[in-house]
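Enquirer: Have a look at this one before I ask anything.
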Amino acid sequence: MTTLTILRGDGEATVAAGATERATIAVDDVAAATGWELRPEGLCRGAVCVPLRDRDAVVVDDRVDLARLGEALHLPVAIDTEAGVAALGDDPVQIAASLRDRRAADFTLPTVDATPFTFSSLGRKKQLLVAWASW
């Protein structure tokens, strides 16, 4: 058995990994490694539970397949079994929602002809700001 370091947004955990090319961990290690607990009703994190339609696809021989766990939770997962590392991403829907209402801080800079330009004058459309410095 080898070890697998699982990286999450709120930390990391190192657990024993299965001896296959797929990243699998023991059912008992799932909560500590991923933050999600495997219960009869599905995968749970606090009061939030995600039902598992096909538990046998995620849990095989008392081991949890991390790639299939990510699919079940709709979370991005990147796995490198040779390096012994897996990254479990955050919920993309929650990330998008938190970014949707963010706004860049307003600022005013002089243009090439020394006229003041205020960033907010561009409106609420998405903008690409390219900065250049000679030093």
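Ordering of the structure tokens sets the chain letters (A, B, ...); residue numbers start at 1 within each chain; ligands are numbered from 1 in the order shown.
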Write down as number ranges by chain the residues belonging to chain A that are assigned helix (DSSP H, G or I) by DSSP computed on the backbone.
Expert: A: 27-34, 55-58, 66-73, 92-100, 119-122
Enquirer: How would the residues just picked look written out with C-alpha atoms as a PDB file, in the first residue's frame?
Expert:
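Dumped everything to selection.pdb:
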ATOM      1  CA  VAL A  27     -14.139   4.124   3.767  1.00  0.00           C
ATOM      2  CA  ASP A  28     -12.944   4.974   7.296  1.00  0.00           C
ATOM      3  CA  ASP A  29     -10.542   7.612   5.885  1.00  0.00           C
ATOM      4  CA  VAL A  30     -13.067   9.440   3.692  1.00  0.00           C
ATOM      5  CA  ALA A  31     -14.243  11.987   6.288  1.00  0.00           C
ATOM      6  CA  ALA A  32     -10.734  12.951   7.428  1.00  0.00           C
ATOM      7  CA  ALA A  33      -9.365  13.075   3.881  1.00  0.00           C
ATOM      8  CA  THR A  34     -12.193  14.826   2.027  1.00  0.00           C
ATOM      9  CA  ARG A  55     -23.195   3.498  -4.187  1.00  0.00           C
ATOM     10  CA  ASP A  56     -21.417   0.483  -5.733  1.00  0.00           C
ATOM     11  CA  ALA A  57     -19.815   2.747  -8.347  1.00  0.00           C
ATOM     12  CA  VAL A  58     -18.211   4.877  -5.616  1.00  0.00           C
ATOM     13  CA  LEU A  66     -11.860   9.446  -5.430  1.00  0.00           C
ATOM     14  CA  ALA A  67     -12.613  10.163  -9.091  1.00  0.00           C
ATOM     15  CA  ARG A  68     -16.106   8.713  -8.732  1.00  0.00           C
ATOM     16  CA  LEU A  69     -16.583  10.534  -5.426  1.00  0.00           C
ATOM     17  CA  GLY A  70     -15.850  13.796  -7.239  1.00  0.00           C
ATOM     18  CA  GLU A  71     -18.340  12.892  -9.975  1.00  0.00           C
ATOM     19  CA  ALA A  72     -21.033  12.098  -7.397  1.00  0.00           C
ATOM     20  CA  LEU A  73     -20.474  15.439  -5.644  1.00  0.00           C
ATOM     21  CA  PRO A  92     -17.956  25.301  -8.947  1.00  0.00           C
ATOM     22  CA  VAL A  93     -21.535  26.576  -8.527  1.00  0.00           C
ATOM     23  CA  GLN A  94     -20.691  28.184  -5.178  1.00  0.00           C
ATOM     24  CA  ILE A  95     -17.468  29.670  -6.567  1.00  0.00           C
ATOM     25  CA  ALA A  96     -19.312  31.152  -9.557  1.00  0.00           C
ATOM     26  CA  ALA A  97     -21.983  32.606  -7.271  1.00  0.00           C
ATOM     27  CA  SER A  98     -19.385  34.240  -5.034  1.00  0.00           C
ATOM     28  CA  LEU A  99     -17.548  35.717  -8.039  1.00  0.00           C
ATOM     29  CA  ARG A 100     -20.700  36.939  -9.789  1.00  0.00           C
ATOM     30  CA  PHE A 119     -12.392  52.419 -14.336  1.00  0.00           C
ATOM     31  CA  SER A 120     -16.100  52.462 -13.369  1.00  0.00           C
ATOM     32  CA  SER A 121     -16.853  54.550 -16.481  1.00  0.00           C
ATOM     33  CA  LEU A 122     -16.708  51.281 -18.464  1.00  0.00           C
TER      34      LEU A 122
END
Enquirer: Among chain A, which ones does DSSP place in strand (DSSP E), written as a PyMOL selection string?
Expert: chain A and resi 2-8+11-17+24-26+37-39+42-45+48-50+59-60+63-65+77-80+85-88+108-110+116-118
Enquirer: My list of candidates is A:Ala86, A:Ala26, A:Ile79, A:Val64. Which is closest to Ile6 (chain A) when distances are computed with only C-alpha atoms?
Expert: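 That would be A:Ala86, the residue with the smallest distance to Ile6 (chain A).
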Enquirer: Could you tell me which of A:Glu41, A:Ala83, A:Asp101, A:Phe107 comes closest to Arg124 (chain A) if we count only C-alpha atoms?
Expert: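 Using only C-alpha atoms, the shortest distance to Arg124 (chain A) belongs to A:Asp101.
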Enquirer: Between CA of Leu38 (chain A) and CA of Thr14 (chain A), what is the spacing in Å?
Expert: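 The value is 18.0 Å.
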Enquirer: Smallest atom-to-atom distance to Gly18 (chain A): which of A:Glu37, A:Asp106, A:Thr81, A:Ala47, using only C-alpha atoms?
Expert: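 Comparing A:Glu37, A:Asp106, A:Thr81, A:Ala47 against Gly18 (chain A), the winner is A:Thr81.
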Enquirer: Would you mind telling me which residue in A:Asp61, A:Ala78, A:Arg22, A:Leu88 lies nearest to Trp36 (chain A) when using only C-alpha atoms?
Expert: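 Once distances to Trp36 (chain A) are computed over only C-alpha atoms, the minimum belongs to A:Leu88.
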Enquirer: Of the candidates A:Asp91, A:Glu82, A:Asp54, A:Asp113, which one gets nearest to Thr3 (chain A) if we count only C-alpha atoms?
Expert: A:Glu82
Enquirer: Pick the closest to Val60 (chain A) from A:Ala133, A:Ala23, A:Leu43, A:Ala104: which is it, counting only C-alpha atoms?
Expert: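 Result for the nearest residue to Val60 (chain A): A:Ala23.
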Enquirer: Identify, on the basis of only C-alpha atoms, every residue whose closest approach to Asp90 (chain A) does not exceed 8 Å; exclude the query and any residue fewer than 5 positions from it along the same chain; express the result as a list in words.
Expert: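 That gives Arg8, Gly9, Leu75, Pro76 and Ile95 of chain A.
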Enquirer: Have a look at CA of Gly11 (chain A) and CA of Val59 (chain A) and let me know their distance in Å, one decimal.
Expert: 23.7 Å
Enquirer: Could you jot down the CA of Leu128 (chain A) to CA of Thr115 (chain A) separation for me, Å, one decimal place?
Expert: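 Rounded to one decimal, the two atoms are 20.3 Å apart.
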